[in-house]
Each structure stands twice: as structure tokens, then as C-alpha cells.
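Shown here: run02.txt, compact mmCIF, C-alpha atoms.
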```txt
# COMPACT_ATOMS: atom_id res chain seq x y z
CA MET A 70 0.00 0.00 0.00
CA ALA A 71 1.14 3.51 -0.70
CA CYS A 72 1.18 5.81 2.29
CA GLU A 73 -2.12 7.56 2.99
CA ASN A 74 -1.31 10.93 1.48
CA ASN A 75 -0.14 9.64 -1.80
CA GLN A 76 -2.52 6.82 -2.62
CA LEU A 77 -3.97 8.75 -5.51
CA LEU A 78 -0.90 10.45 -6.87
CA LEU A 79 0.94 7.18 -7.06
CA ASP A 80 -1.04 5.77 -9.97
CA GLY A 81 -0.85 9.07 -11.81
CA TYR A 82 2.90 9.06 -11.35
CA PHE A 83 3.15 5.43 -12.36
CA ASP A 84 1.26 6.15 -15.57
CA GLY A 85 3.28 9.26 -16.36
CA GLU A 86 0.17 11.40 -16.10
CA LEU A 87 1.15 13.92 -13.43
CA ASP A 88 2.12 17.42 -14.44
CA LEU A 89 5.78 18.26 -14.16
CA VAL A 90 5.60 19.96 -10.76
CA ARG A 91 3.65 17.21 -9.06
CA SER A 92 5.73 14.56 -10.74
CA VAL A 93 8.97 16.06 -9.42
CA GLU A 94 7.44 16.39 -5.96
CA PHE A 95 6.32 12.80 -5.97
CA GLU A 96 9.72 11.61 -7.13
CA LYS A 97 11.25 13.36 -4.14
CA HIS A 98 8.70 11.75 -1.86
CA VAL A 99 9.40 8.24 -3.16
CA LYS A 100 13.06 8.60 -2.27
CA THR A 101 12.16 8.99 1.37
CA CYS A 102 9.14 6.66 1.53
CA PRO A 103 9.90 2.94 1.31
CA GLN A 104 6.18 2.19 1.30
CA CYS A 105 5.53 4.11 -1.90
CA ALA A 106 8.75 2.84 -3.49
CA GLN A 107 7.64 -0.73 -2.83
CA GLU A 108 4.18 -0.02 -4.18
CA LEU A 109 5.66 1.33 -7.39
CA GLN A 110 7.72 -1.82 -7.75
CA ASP A 111 4.65 -3.98 -7.25
CA LYS A 112 2.73 -2.07 -9.89
CA GLN A 113 5.61 -2.37 -12.29
CA ALA A 114 5.77 -6.12 -11.67
CA MET A 115 2.07 -6.46 -12.37
CA ARG A 116 2.31 -4.40 -15.50
CA GLU A 117 5.15 -6.52 -16.81
CA SER A 118 3.16 -9.69 -16.14
CA LEU A 119 0.16 -8.23 -17.93
CA ARG A 120 2.26 -7.29 -20.94
CA ALA A 121 3.96 -10.64 -21.09
CA ALA A 122 0.68 -12.55 -20.81
CA ASN A 123 -0.57 -11.75 -24.31
CA LEU A 124 -4.03 -10.85 -23.16
CA TYR A 125 -4.87 -8.70 -26.15
CA GLU A 126 -7.75 -10.22 -28.12
CA ARG A 127 -7.43 -9.54 -31.81
CA ALA A 128 -10.50 -9.53 -34.01
CA PRO A 129 -11.08 -12.98 -35.51
CA GLU A 130 -10.51 -13.60 -39.18
CA GLY A 131 -13.55 -12.76 -41.18
CA LEU A 132 -15.05 -10.19 -38.82
CA ARG A 133 -13.78 -7.35 -40.97
CA ALA A 134 -15.34 -8.87 -44.05
CA ARG A 135 -18.64 -9.49 -42.25
CA ILE A 136 -18.74 -5.89 -41.10
CA ARG A 137 -17.99 -4.60 -44.58
CA ALA A 138 -20.77 -6.76 -45.96
CA ALA A 139 -23.23 -5.57 -43.34
CA LEU A 140 -22.61 -1.89 -43.98
CA PRO A 141 -24.86 -0.09 -46.40
CA ALA A 142 -23.41 0.00 -49.89
CA GLU A 143 -22.39 3.65 -49.66
CA ALA A 144 -19.83 2.85 -46.97
CA ARG A 145 -17.66 1.09 -49.47
CA PRO A 146 -15.29 3.33 -51.36
CA GLN A 147 -16.84 4.59 -54.58
CA PRO A 148 -16.98 7.83 -56.47
CA ILE A 149 -19.57 10.18 -55.07
CA PRO A 150 -22.10 11.18 -57.71
CA MET A 151 -22.63 14.90 -57.89
CA PRO A 152 -25.34 16.88 -59.54
CA ARG A 153 -24.21 18.34 -62.83
CA ARG A 154 -24.35 21.93 -61.67
CA GLN A 155 -22.12 21.17 -58.76
CA VAL A 156 -19.65 19.49 -61.07
CA LEU A 157 -19.47 22.60 -63.19
CA GLU A 158 -18.91 24.76 -60.15
CA TRP A 159 -16.13 22.50 -58.97
CA LEU A 160 -14.56 22.54 -62.41
CA ALA A 161 -14.54 26.30 -62.30
CA VAL A 162 -12.90 26.28 -58.90
CA ALA A 163 -10.36 23.71 -60.06
CA ALA A 164 -9.51 25.80 -63.10
CA ALA A 165 -9.04 28.88 -60.96
CA VAL A 166 -6.78 26.96 -58.60
CA LEU A 167 -4.72 25.61 -61.49
CA ILE A 168 -4.26 29.08 -62.91
CA ALA A 169 -3.31 30.45 -59.53
CA VAL A 170 -0.81 27.68 -58.96
CA PHE A 171 0.65 28.16 -62.41
CA LEU A 172 0.99 31.92 -61.95
CA GLY A 173 2.25 31.48 -58.43
CA ALA A 174 4.93 29.09 -59.55
CA ARG A 175 6.11 31.48 -62.20
CA VAL A 176 5.87 34.70 -60.27
CA LEU A 177 7.14 33.48 -56.92
CA PRO A 178 10.03 31.15 -57.52
CA ASN A 179 10.48 28.61 -54.78
CA ILE A 180 7.49 29.56 -52.76
CA GLY A 181 8.30 26.78 -50.31
CA GLY A 182 8.43 23.77 -52.51
CA HIS A 183 6.14 21.09 -51.21
CA SER A 184 3.24 21.56 -48.99
CA GLU A 185 4.18 20.08 -45.66
CA ASN A 186 0.74 18.67 -45.27
CA LEU A 187 0.96 16.80 -48.53
CA VAL A 188 4.08 15.14 -47.22
CA ALA A 189 2.36 14.39 -43.90
CA GLU A 190 -0.61 12.91 -45.75
CA GLU A 191 1.69 10.80 -47.87
CA ILE A 192 3.29 9.51 -44.72
CA VAL A 193 -0.09 8.63 -43.20
CA ALA A 194 -1.09 6.90 -46.43
CA SER A 195 2.15 4.91 -46.37
CA HIS A 196 1.55 4.02 -42.77
CA ILE A 197 -1.98 2.79 -43.50
CA ARG A 198 -0.80 0.82 -46.52
CA SER A 199 1.92 -0.80 -44.44
CA MET A 200 -0.73 -2.05 -42.01
CA GLN A 201 -2.41 -4.06 -44.74
CA PRO A 202 -1.43 -7.72 -44.68
CA GLY A 203 2.03 -8.39 -46.10
CA HIS A 204 3.05 -4.75 -46.50
CA LEU A 205 4.73 -4.05 -43.20
CA TYR A 206 8.32 -4.97 -43.94
CA ASP A 207 10.74 -6.04 -46.63
CA VAL A 208 13.14 -7.26 -44.00
CA GLU A 209 11.66 -8.77 -40.89
CA SER A 210 14.08 -8.87 -38.02
CA THR A 211 14.44 -7.68 -34.47
CA ASP A 212 18.19 -7.45 -34.93
CA ARG A 213 19.42 -4.03 -35.92
CA HIS A 214 22.56 -5.63 -37.35
CA THR A 215 20.31 -7.37 -39.85
CA VAL A 216 18.04 -4.46 -40.58
CA LYS A 217 20.68 -1.77 -41.06
CA PRO A 218 22.87 -3.61 -43.62
CA TRP A 219 19.75 -4.56 -45.53
CA PHE A 220 19.41 -0.92 -46.63
CA ASP A 221 22.95 -0.96 -48.09
CA GLY A 222 22.84 -0.23 -51.77
CA LYS A 223 19.12 0.40 -51.72
CA LEU A 224 19.37 3.98 -50.50
CA ASP A 225 21.89 6.76 -50.99
CA PHE A 226 22.19 7.19 -47.23
CA ALA A 227 22.53 4.94 -44.19
CA PRO A 228 19.60 5.35 -41.82
CA PRO A 229 20.43 5.03 -38.12
CA VAL A 230 18.81 1.88 -36.73
CA MET A 231 18.37 1.43 -32.99
CA ASP A 232 16.61 -1.27 -31.09
CA LEU A 233 14.53 0.03 -28.19
CA LYS A 234 13.38 -3.33 -26.93
CA ASP A 235 14.49 -2.65 -23.38
CA GLN A 236 12.46 0.55 -23.39
CA GLY A 237 9.36 -1.29 -24.58
CA PHE A 238 9.59 -0.44 -28.29
CA PRO A 239 11.14 -3.47 -29.99
CA LEU A 240 12.35 -3.12 -33.55
CA VAL A 241 10.50 -5.55 -35.83
CA GLY A 242 11.75 -4.78 -39.31
CA GLY A 243 12.31 -2.29 -42.09
CA ARG A 244 11.35 -1.58 -45.66
CA LEU A 245 11.92 0.81 -48.50
CA ASP A 246 9.27 3.43 -48.94
CA TYR A 247 8.70 6.38 -51.18
CA VAL A 248 7.75 9.78 -49.80
CA ASP A 249 7.82 13.18 -51.43
CA HIS A 250 9.50 11.95 -54.61
CA ARG A 251 12.35 10.09 -53.02
CA ASN A 252 13.24 6.73 -51.54
CA VAL A 253 13.18 6.76 -47.79
CA ALA A 254 13.86 4.18 -45.11
CA ALA A 255 10.91 2.99 -43.06
CA LEU A 256 11.78 1.33 -39.77
CA VAL A 257 9.04 -0.59 -38.02
CA TYR A 258 8.77 -0.69 -34.24
CA GLN A 259 6.14 -2.16 -32.03
CA ARG A 260 4.53 -0.95 -28.81
CA GLN A 261 2.35 -3.70 -27.46
CA LYS A 262 -0.11 -4.18 -30.31
CA HIS A 263 0.63 -0.87 -32.00
CA PHE A 264 3.02 -0.53 -34.87
CA ILE A 265 5.13 2.55 -35.37
CA ASN A 266 6.59 3.42 -38.75
CA VAL A 267 9.62 5.68 -38.58
CA PHE A 268 10.37 7.32 -41.90
CA VAL A 269 13.95 8.51 -42.28
CA TRP A 270 15.61 10.58 -44.97
CA PRO A 271 18.60 12.94 -45.17
CA GLN A 272 17.87 16.35 -43.74
CA GLY A 273 17.00 19.10 -46.13
CA THR A 274 16.24 16.92 -49.12
CA ASN A 275 12.55 17.39 -48.53
CA ALA A 276 11.67 21.02 -48.71
CA ALA A 277 8.86 20.67 -46.24
CA LYS A 278 9.48 21.06 -42.56
CA LEU A 279 6.87 18.96 -40.83
CA PRO A 280 5.21 20.27 -37.68
CA GLU A 281 6.53 18.60 -34.56
CA VAL A 282 3.25 16.90 -33.69
CA GLN A 283 0.10 16.45 -35.70
CA THR A 284 -2.86 14.15 -36.04
CA ILE A 285 -4.27 13.08 -39.39
CA GLN A 286 -7.21 10.69 -39.71
CA GLY A 287 -6.67 9.60 -36.15
CA TYR A 288 -3.02 8.74 -36.70
CA ASN A 289 -0.39 10.63 -34.78
CA LEU A 290 2.78 11.96 -36.37
CA VAL A 291 5.84 13.18 -34.51
CA SER A 292 8.64 14.72 -36.59
CA TRP A 293 12.15 15.78 -35.73
CA SER A 294 15.68 16.15 -37.08
CA HIS A 295 18.75 14.54 -35.63
CA ASP A 296 22.29 13.95 -36.82
CA GLY A 297 21.63 15.20 -40.32
CA MET A 298 18.48 13.12 -40.80
CA ASP A 299 14.83 14.01 -40.79
CA PHE A 300 12.54 11.62 -38.94
CA CYS A 301 8.80 11.20 -38.88
CA ALA A 302 7.15 8.59 -36.66
CA ALA A 303 3.60 7.58 -37.56
CA SER A 304 1.31 5.40 -35.47
CA ASP A 305 -2.09 4.96 -33.92
CA LEU A 306 -0.27 4.97 -30.60
CA ASN A 307 -1.22 7.86 -28.31
CA ILE A 308 0.78 11.08 -28.58
CA ALA A 309 2.36 10.81 -25.14
CA GLU A 310 3.94 7.44 -25.82
CA LEU A 311 4.83 8.33 -29.38
CA ARG A 312 6.72 11.37 -28.12
CA GLN A 313 8.45 9.28 -25.53
CA PHE A 314 9.51 6.98 -28.36
CA ALA A 315 10.71 9.93 -30.46
CA GLN A 316 12.79 11.16 -27.56
CA LEU A 317 14.47 7.80 -27.26
CA LEU A 318 15.39 8.06 -30.93
CA GLY A 319 16.96 11.45 -30.45
CA GLN A 320 14.17 14.01 -30.69
CA MET B 45 -25.92 10.25 -47.61
CA GLY B 46 -25.44 13.97 -47.00
CA GLU B 47 -24.00 13.25 -43.58
CA GLN B 48 -21.60 10.70 -44.98
CA GLN B 49 -20.19 13.21 -47.37
CA ARG B 50 -19.44 15.61 -44.61
CA GLY B 51 -17.62 12.84 -42.84
CA SER B 52 -15.61 11.77 -45.80
CA GLY B 53 -14.54 15.26 -46.79
CA SER B 54 -12.02 16.53 -44.29
CA VAL B 55 -11.43 13.68 -41.88
CA GLY B 56 -11.17 10.69 -44.20
CA SER B 57 -13.62 7.99 -45.10
CA PHE B 58 -15.27 5.54 -42.77
CA GLU B 59 -13.05 2.86 -44.24
CA GLN B 60 -9.88 4.80 -43.44
CA VAL B 61 -10.88 6.13 -40.06
CA VAL B 62 -12.94 3.46 -38.35
CA LEU B 63 -11.98 0.09 -39.78
CA PRO B 64 -8.30 0.28 -38.73
CA HIS B 65 -9.45 0.15 -35.10
CA LEU B 66 -11.22 -3.16 -35.42
CA ASP B 67 -8.75 -5.04 -33.21
CA ALA B 68 -9.08 -2.45 -30.47
CA ALA B 69 -12.87 -2.63 -30.76
CA TYR B 70 -12.91 -6.39 -30.50
CA ASN B 71 -10.42 -6.47 -27.66
CA LEU B 72 -12.55 -4.11 -25.56
CA ALA B 73 -15.82 -5.89 -26.34
CA ARG B 74 -14.27 -9.28 -25.67
CA TRP B 75 -13.00 -8.23 -22.25
CA LEU B 76 -16.23 -6.49 -21.33
CA VAL B 77 -18.66 -9.28 -22.21
CA ARG B 78 -16.16 -12.10 -21.70
CA ASN B 79 -17.11 -14.35 -24.54
CA PRO B 80 -16.09 -14.30 -28.17
CA HIS B 81 -19.52 -14.80 -29.63
CA ASP B 82 -21.23 -11.85 -27.94
CA ALA B 83 -18.12 -9.76 -28.55
CA GLU B 84 -18.42 -10.28 -32.29
CA ASP B 85 -22.09 -9.35 -32.28
CA ILE B 86 -21.35 -6.23 -30.27
CA VAL B 87 -18.54 -5.11 -32.53
CA GLN B 88 -20.74 -5.60 -35.58
CA GLU B 89 -23.52 -3.60 -34.05
CA ALA B 90 -21.12 -0.92 -32.84
CA TYR B 91 -19.71 -0.58 -36.34
CA LEU B 92 -23.14 -0.12 -37.79
CA ARG B 93 -23.81 2.55 -35.19
CA ALA B 94 -20.45 4.16 -35.92
CA PHE B 95 -21.38 4.26 -39.56
CA LYS B 96 -24.66 5.95 -38.75
CA PHE B 97 -22.98 8.56 -36.54
CA PHE B 98 -19.96 9.05 -38.76
CA GLY B 99 -21.33 12.32 -40.09
CA GLY B 100 -20.95 13.72 -36.59
CA TYR B 101 -17.34 12.64 -36.22
CA GLN B 102 -15.27 15.81 -36.19
CA GLY B 103 -11.82 14.34 -36.56
CA GLY B 104 -9.53 13.85 -33.59
CA ASP B 105 -8.89 10.62 -31.77
CA ALA B 106 -10.63 8.04 -33.94
CA ARG B 107 -9.76 5.10 -31.73
CA ALA B 108 -11.33 6.75 -28.68
CA TRP B 109 -14.37 7.63 -30.77
CA VAL B 110 -14.82 4.04 -31.93
CA LEU B 111 -14.18 2.55 -28.50
CA LYS B 112 -16.73 4.86 -26.94
CA ILE B 113 -19.35 3.45 -29.27
CA VAL B 114 -18.21 -0.11 -28.56
CA ARG B 115 -18.44 0.57 -24.85
CA ASN B 116 -21.93 2.03 -25.09
CA THR B 117 -23.06 -0.89 -27.21
CA SER B 118 -21.64 -3.32 -24.64
CA TYR B 119 -23.45 -1.58 -21.81
CA SER B 120 -26.74 -1.69 -23.72
CA PHE B 121 -26.12 -5.39 -24.16
CA PHE B 122 -25.62 -5.76 -20.40
CA GLU B 123 -28.80 -3.84 -19.62
CA LYS B 124 -30.77 -6.08 -21.90
CA ASN B 125 -29.18 -9.44 -21.18
CA ARG B 126 -27.26 -9.35 -17.92
CA PRO B 127 -28.52 -6.47 -15.78
CA ALA B 128 -27.05 -8.04 -12.65
CA GLU B 129 -23.56 -7.49 -13.91
CA LEU B 130 -23.87 -3.73 -14.02
CA ALA B 131 -25.27 -3.64 -10.50
CA GLU B 132 -22.37 -5.67 -9.23
CA GLU B 133 -20.91 -3.85 -6.27
CA PHE B 134 -17.54 -4.79 -5.17
CA ASP B 135 -16.50 -5.45 -1.62
CA GLU B 136 -13.71 -2.97 -1.33
CA LYS B 137 -12.57 -3.55 2.19
CA VAL B 138 -9.00 -3.99 1.28
CA HIS B 139 -7.79 -7.19 2.76
CA THR B 140 -4.12 -6.48 3.07
CA ALA B 141 -3.36 -10.12 2.79
CA SER B 142 0.35 -10.12 2.78
CA THR B 143 1.53 -8.26 5.83
CA ALA B 144 4.33 -10.34 7.18
CA GLU B 145 5.96 -10.84 3.80
CA GLU B 146 9.35 -9.32 3.39
CA PRO B 147 9.46 -6.35 1.04
CA GLY B 148 9.83 -7.39 -2.54
CA ALA B 149 8.26 -10.80 -2.04
CA GLU B 150 4.94 -9.53 -3.34
CA ALA B 151 6.57 -8.00 -6.39
CA ALA B 152 8.22 -11.31 -7.14
CA LEU B 153 4.89 -13.11 -6.85
CA LEU B 154 3.17 -10.62 -9.12
CA LYS B 155 5.95 -10.87 -11.62
CA SER B 156 5.61 -14.63 -11.81
CA ALA B 157 1.84 -14.58 -12.37
CA ASP B 158 1.17 -16.55 -15.51
CA SER B 159 -1.16 -15.82 -18.35
CA ARG B 160 -4.01 -18.03 -17.16
CA MET B 161 -3.96 -16.58 -13.66
CA LEU B 162 -3.98 -13.03 -14.96
CA ARG B 163 -6.79 -13.77 -17.35
CA GLU B 164 -8.93 -15.28 -14.60
CA ALA B 165 -8.17 -12.49 -12.16
CA LEU B 166 -9.01 -9.83 -14.73
CA ASP B 167 -12.17 -11.66 -15.77
CA GLU B 168 -13.40 -11.70 -12.19
CA LEU B 169 -13.17 -7.95 -11.69
CA PRO B 170 -16.34 -5.87 -11.92
CA VAL B 171 -16.91 -4.45 -15.37
CA ASN B 172 -15.88 -0.87 -14.56
CA PHE B 173 -12.50 -2.00 -13.23
CA ARG B 174 -11.95 -4.40 -16.10
CA GLU B 175 -12.64 -1.63 -18.51
CA VAL B 176 -10.07 0.87 -17.23
CA LEU B 177 -7.40 -1.80 -16.92
CA VAL B 178 -7.97 -3.06 -20.44
CA LEU B 179 -7.88 0.45 -21.88
CA ARG B 180 -4.77 1.41 -19.94
CA GLU B 181 -2.69 -1.77 -19.83
CA LEU B 182 -3.69 -3.57 -23.01
CA GLU B 183 -4.69 -0.69 -25.24
CA GLY B 184 -2.05 1.69 -23.86
CA MET B 185 -4.41 4.66 -23.70
CA SER B 186 -3.71 7.89 -21.83
CA TYR B 187 -6.04 9.06 -19.05
CA LYS B 188 -7.46 11.63 -21.40
CA GLU B 189 -8.32 9.00 -23.98
CA ILE B 190 -9.81 6.70 -21.35
CA ALA B 191 -11.88 9.60 -20.06
CA GLU B 192 -13.15 10.15 -23.56
CA VAL B 193 -14.13 6.50 -23.98
CA THR B 194 -15.77 6.09 -20.60
CA GLY B 195 -17.27 9.55 -20.34
CA VAL B 196 -15.92 10.38 -16.88
CA PRO B 197 -13.51 13.09 -15.67
CA ILE B 198 -9.76 12.38 -15.82
CA GLY B 199 -9.52 12.36 -12.02
CA THR B 200 -12.07 9.57 -11.91
CA VAL B 201 -10.02 7.59 -14.40
CA MET B 202 -7.01 7.92 -12.11
CA SER B 203 -8.82 6.83 -8.95
CA GLY B 204 -10.62 4.05 -10.84
CA LEU B 205 -7.31 2.70 -12.07
CA ALA B 206 -5.82 2.83 -8.58
CA ARG B 207 -8.73 0.80 -7.19
CA ALA B 208 -8.79 -1.59 -10.12
CA ARG B 209 -5.08 -2.32 -9.74
CA THR B 210 -5.46 -2.92 -6.02
CA GLN B 211 -8.28 -5.38 -6.68
CA LEU B 212 -6.39 -7.16 -9.41
CA ARG B 213 -3.42 -7.54 -7.14
CA GLU B 214 -5.56 -8.90 -4.30
CA ARG B 215 -7.01 -11.47 -6.62
CA LEU B 216 -3.66 -12.53 -7.94
CA LEU B 217 -2.20 -12.93 -4.50
CA HIS B 218 -5.28 -14.80 -3.40
CA ALA B 219 -5.09 -17.16 -6.40
CA ARG B 220 -1.43 -17.66 -5.69
CA ALA B 221 -2.05 -18.53 -2.05
CA LYS B 222 -4.77 -21.00 -3.04
CA GLU B 223 -2.51 -22.66 -5.54
CA GLU B 224 0.22 -23.03 -2.99
CA GLN B 225 -2.18 -24.59 -0.50
CA ARG B 226 -3.30 -27.06 -3.08
CA GLY B 227 0.31 -27.84 -3.84
CA LEU B 228 1.01 -28.51 -0.17
CA ARG B 229 -1.93 -30.81 0.21
CA LYS B 230 -0.85 -33.03 -2.62
```
Could you render the structure as C-alpha cells?
Amino acid sequence: MACENNQLLLDGYFDGELDLVRSVEFEKHVKTCPQCAQELQDKQAMRESLRAANLYERAPEGLRARIRAALPAEARPQPIPMPRRQVLEWLAVAAAVLIAVFLGARVLPNIGGHSENLVAEEIVASHIRSMQPGHLYDVESTDRHTVKPWFDGKLDFAPPVMDLKDQGFPLVGGRLDYVDHRNVAALVYQRQKHFINVFVWPQGTNAAKLPEVQTIQGYNLVSWSHDGMDFCAASDLNIAELRQFAQLLGQ
Amino acid sequence: MGEQQRGSGSVGSFEQVVLPHLDAAYNLARWLVRNPHDAEDIVQEAYLRAFKFFGGYQGGDARAWVLKIVRNTSYSFFEKNRPAELAEEFDEKVHTASTAEEPGAEAALLKSADSRMLREALDELPVNFREVLVLRELEGMSYKEIAEVTGVPIGTVMSGLARARTQLRERLLHARAKEEQRGLRK
């Protein structure tokens, strides 16, 4: 049992959910309170058992297909019919945009190259595609000494490959991917049942500077630069843990 | 169909946003209702509901949005089929079982708990405790996300988790003690 005063804070601390001030205070308290220190150890032991026990229940084969079949037809991807007038209006808008882009490109040289959000959307699309069966990796290995050499000769740079197994983010593989008109390395890590794709390319080759954190279609992206490389981690993992992961990789 | 279009414009289509979270949906339903058959039915129904409400989805945390619907669907299922389970009150007088143990002994016991024991202990917890533990420990959600799914304030998530963990531990230690007794009797 934690000591009376800290019963509540302890779980918040354990889950990394306290604000900085309270977290620092609690850390100080634990150093002088064997009761709370022991309690933290117990919770950690239980968490490790839970993680090791493979309790996650994945959806059975076929459920996805049954759900798709049960949805009304319009749920399945198909072009959306539009009334003719609307089509004409959209065509007009599209034409105006094209002209503007054309003029813009001529009048303002190098207006910023690529839209950062296009790059971010490409990354999310790549991430989603990689989640489809058989697309996750070209080289499947938890050994960074297997994954790193695999990229030799396939890219014009050597992506840094780290295994973060001890920190709870084991490396599971890597593959070649293509983002913003160039080949990039995609490293695949796992956090419990969540996959994280880390896209890596040499710094500055992509004109876009991605925002540090963003969410697209429910997927979280964390981007940073380190040692001459640009990184972008994409996952359905929550932001807090994804940032923790990014920090381990050098953010 | 008008609603669907709104949904598919800025935040992605139903297929892109909701279907990727199918494993999470099933995992939650499976742990809440505790049998695979009902879990499948619930997920199917939840997905139909999600489809209906998709026009109202504003972007943001899609997994939490989906799981909230799965949770509500599961609770409706309980109300209809197993009302007793929701009323289940838990005896929370904490029986501090292991008092004389040396420090660290309990941690070692908890660490050695095997998959079957954990599964049984978790299955025996009342539904509200099971739910926060599954969302936090299996799904890896933050308090904020759990609050979104369960519709309670973040502080309640924190205290709920504290109580749920205490109960889970009690059950594990209890199961352990029982097993040891049985072993001695043999």
C-alpha cells in the first residue's frame, strides 16, 4: 500500500500522467518513503506480467469482411455522384486553382516547394498501406545488425537503426518506402499491439518542414531532425507514448 | 448520404478512419462481455452505429471515438441481457493479505503470475474495473483517452485505475495462495 497521502498520486505518477511539478514532488517523496517505493515496484511487476501474458484479443478472421458486408453499400469506397451543376462549379474552382498555382509558380520562384501537409498525408497513407497484410516490412528482423545492412545499396544514405526493446519499443523490421518523390527508409517498431513506422531521410532533401506533432485521420505523427536526418514517426499509438519513443530516438 | 459526405470530406472515409481500429474494438468488447460470440455481435452492431454517426465525427482521436461506441453498445447489451452485472458492487474492504511478507516478495509473486492466472483475475473484476485496466494496460491509452471513452472526468479515471489495480493484485495474491495450499496438500 502507498502511504495515505499519496494513494492517488501514485497511480498518476506510475502512468506518467502527473504534471511536471507534481511529478517532481512525488519523485522526491518516493526517495524517502519505502512504502511508496515498494508499491511502485509492485505495480511495475504487475504491468510486466500483464504485458507478457498476451491478453490482447485480436479480431477474428472474417469479422472485418462481415462488417464490410453488413454496412450499407455507400460505406464502401466509390466515387460520389454529384449533380451536374455542382460538377461545373467545382470545375470552375479547379480551373481557378490551377491558374493560380501556375501563376504562383512562375511569379514566386520557390514559394516553399512542397506543402508540408501533402508530405504528412503521404506519410499517413504509407503508414496505413503498411498495415495491410504483407506490406509491413521487406526485411523482418528484431536485430538491428540485420536491418541496417539490408538498406545498403538500396538507399543513398545509411539510416540510423536502434533497437529500443528494453524501453518497450522493440524493432521488428524495415522496408523501402517512397515519400515526397524520393526513396526513404521505413523502420518498423512495435509498442504492445501498436506498430510505429519511422520514416527517415537525409535532412533538407525534402523542402517541407513537418510540424513537430500532428494528427491526421486519427493517426499521430511526430517529426524531428537529428544527426543530419529528418525523422517522422507515424502510429495509432497515443501522442504521449509516441513522443516518448521519439525522444528515445533522439528528438 | 449527406452526412456521410461531410464525414468523408475533411477527416477521411469511414473505411480509413474506423476500420483500422477493429482489433481495439474487438479487444474491448471481448473483455467487457467475456465471450467471443457476444463480442463479435457487439462489434458488428457498434460498427453499424459508428457508420450511422460518422457524419458527426469531427476528426480527432478516432480510436477513442470508436471505442466509446463499442463501450456504449456493450453496456446496452448488459442492460438487456445481464442487468445483474452492471449492478455488481464490489466489496472494497481492502484485505491487506500479505503483511508479514518481506518487502519485494509480493513484487516477485506478481511478476511470476502466468497468463491463465492473470486472465482469470481480470475476468473476475467488476466491469468498470476491467474496462479501465484493459484500456490502460492492453490498449495503452492515456487518461485523457480513457476519459473520452468512458465519459468520466480524468480524475475519476485515475482513482478508478488505482482501485482496479489494487483489486487485481488482491485477486492474484489470493489465487497464488490458493494454488500453494493445493500444492502442499498433494
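Here the question is which of B:Ala191, B:Ile86, B:Ala221, B:Leu177 gets nearest to Arg120 of chain A using all atoms listed in the file, and that residue is B:Leu177.
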Taking (1.8, 5.2, 1.8) as a centre in this file's frame and 10 Å as the limit, can you find every polymer residue with an atom that close, using all atoms listed in the file, and give them as a compact mmCIF listing (two decimals) with C-alpha atoms, in the coordinates of the input?
```txt
# COMPACT_ATOMS: atom_id res chain seq x y z
CA MET A 70 0.00 0.00 0.00
CA ALA A 71 1.14 3.51 -0.70
CA CYS A 72 1.18 5.81 2.29
CA GLU A 73 -2.12 7.56 2.99
CA ASN A 74 -1.31 10.93 1.48
CA ASN A 75 -0.14 9.64 -1.80
CA GLN A 76 -2.52 6.82 -2.62
CA LEU A 77 -3.97 8.75 -5.51
CA LEU A 79 0.94 7.18 -7.06
CA VAL A 99 9.40 8.24 -3.16
CA CYS A 102 9.14 6.66 1.53
CA PRO A 103 9.90 2.94 1.31
CA GLN A 104 6.18 2.19 1.30
CA CYS A 105 5.53 4.11 -1.90
CA ALA A 106 8.75 2.84 -3.49
CA GLN A 107 7.64 -0.73 -2.83
CA GLU A 108 4.18 -0.02 -4.18
```
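Taking only C-alpha atoms into account, Gly104 of chain B lies nearest to B:Val61 out of the set B:Val77, B:Val61, B:Ala128, B:Ala69.
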Hey, could you make a per-residue contact list for chain A against chain B with 6 Å as the cut-off, showing the nearest pair of atoms and its distance in Å to one decimal, counting only C-alpha atoms, sorted by chain and number, as a Markdown table?
```
| residue | atom | partner | partner_atom | distance |
| --- | --- | --- | --- | --- |
| A:Asp80 | CA | B:Ala206 | CA | 5.8 |
| A:Asp111 | CA | B:Ala151 | CA | 4.5 |
| A:Ala114 | CA | B:Lys155 | CA | 4.8 |
| A:Met115 | CA | B:Leu154 | CA | 5.4 |
| A:Ser118 | CA | B:Lys155 | CA | 5.4 |
| A:Ala122 | CA | B:Ser159 | CA | 4.5 |
| A:Glu126 | CA | B:Asn71 | CA | 4.6 |
| A:Arg127 | CA | B:Asp67 | CA | 4.9 |
| A:Ala128 | CA | B:Asp67 | CA | 4.9 |
| A:Ile136 | CA | B:Gln88 | CA | 5.9 |
| A:Gln286 | CA | B:Val55 | CA | 5.6 |
| A:Gly287 | CA | B:Ala106 | CA | 4.8 |
```
Protein and nucleic acid residues near (8.8, 3.9, -50.9) (cut-off 12 Å, only C-alpha atoms) as a ChimeraX atom specification | /A:191-192,194-196,198-199,204-207,223-224,243-256,268-270
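Reported to one decimal place, the separation of atom CA of His98 of chain A from atom CA of Ala208 of chain B is 23.5 Å.
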Straight-line distance linking atom CA of Asn266 of chain A with atom CA of Ala303 of chain A, stated in Å to one decimal = 5.3 Å
Expressed in Å to a single decimal, how great is the separation between atom CA of Leu130 of chain B and atom CA of Arg115 of chain B?
-> 12.9 Å
Selection: 10 Å around Gln272 of chain A, all atoms listed in the file, excl. self and same-chain fewer than 4 positions, as a JSON list (two decimals) with C-alpha atoms, in the coordinates of the input:
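Final file, part-v5.json:
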```
[["chain", "number", "residue", "atom", "x", "y", "z"],
["A", 276, "ALA", "CA", 11.67, 21.02, -48.71],
["A", 278, "LYS", "CA", 9.48, 21.06, -42.56],
["A", 293, "TRP", "CA", 12.15, 15.78, -35.73],
["A", 294, "SER", "CA", 15.68, 16.15, -37.08],
["A", 295, "HIS", "CA", 18.75, 14.54, -35.63],
["A", 296, "ASP", "CA", 22.29, 13.95, -36.82],
["A", 297, "GLY", "CA", 21.63, 15.20, -40.32],
["A", 298, "MET", "CA", 18.48, 13.12, -40.80],
["A", 299, "ASP", "CA", 14.83, 14.01, -40.79],
["A", 300, "PHE", "CA", 12.54, 11.62, -38.94]]
```
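Take the candidates A:Ile308, A:Asp221, A:Thr215, A:Pro229 and check each one against Gly242 of chain A using all atoms listed in the file; the shortest distance goes to A:Thr215.
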Return the padded bounding box of segment 103-117 of chain B as lines of an AutoDock Vina configuration file: axis-aligned, built from all atoms listed in the file, 5 Å added on each side, with centre and edge lengths in Å to one decimal.
```
center_x = -16.0
center_y = 6.7
center_z = -30.7
size_x = 24.2
size_y = 25.2
size_z = 21.7
```
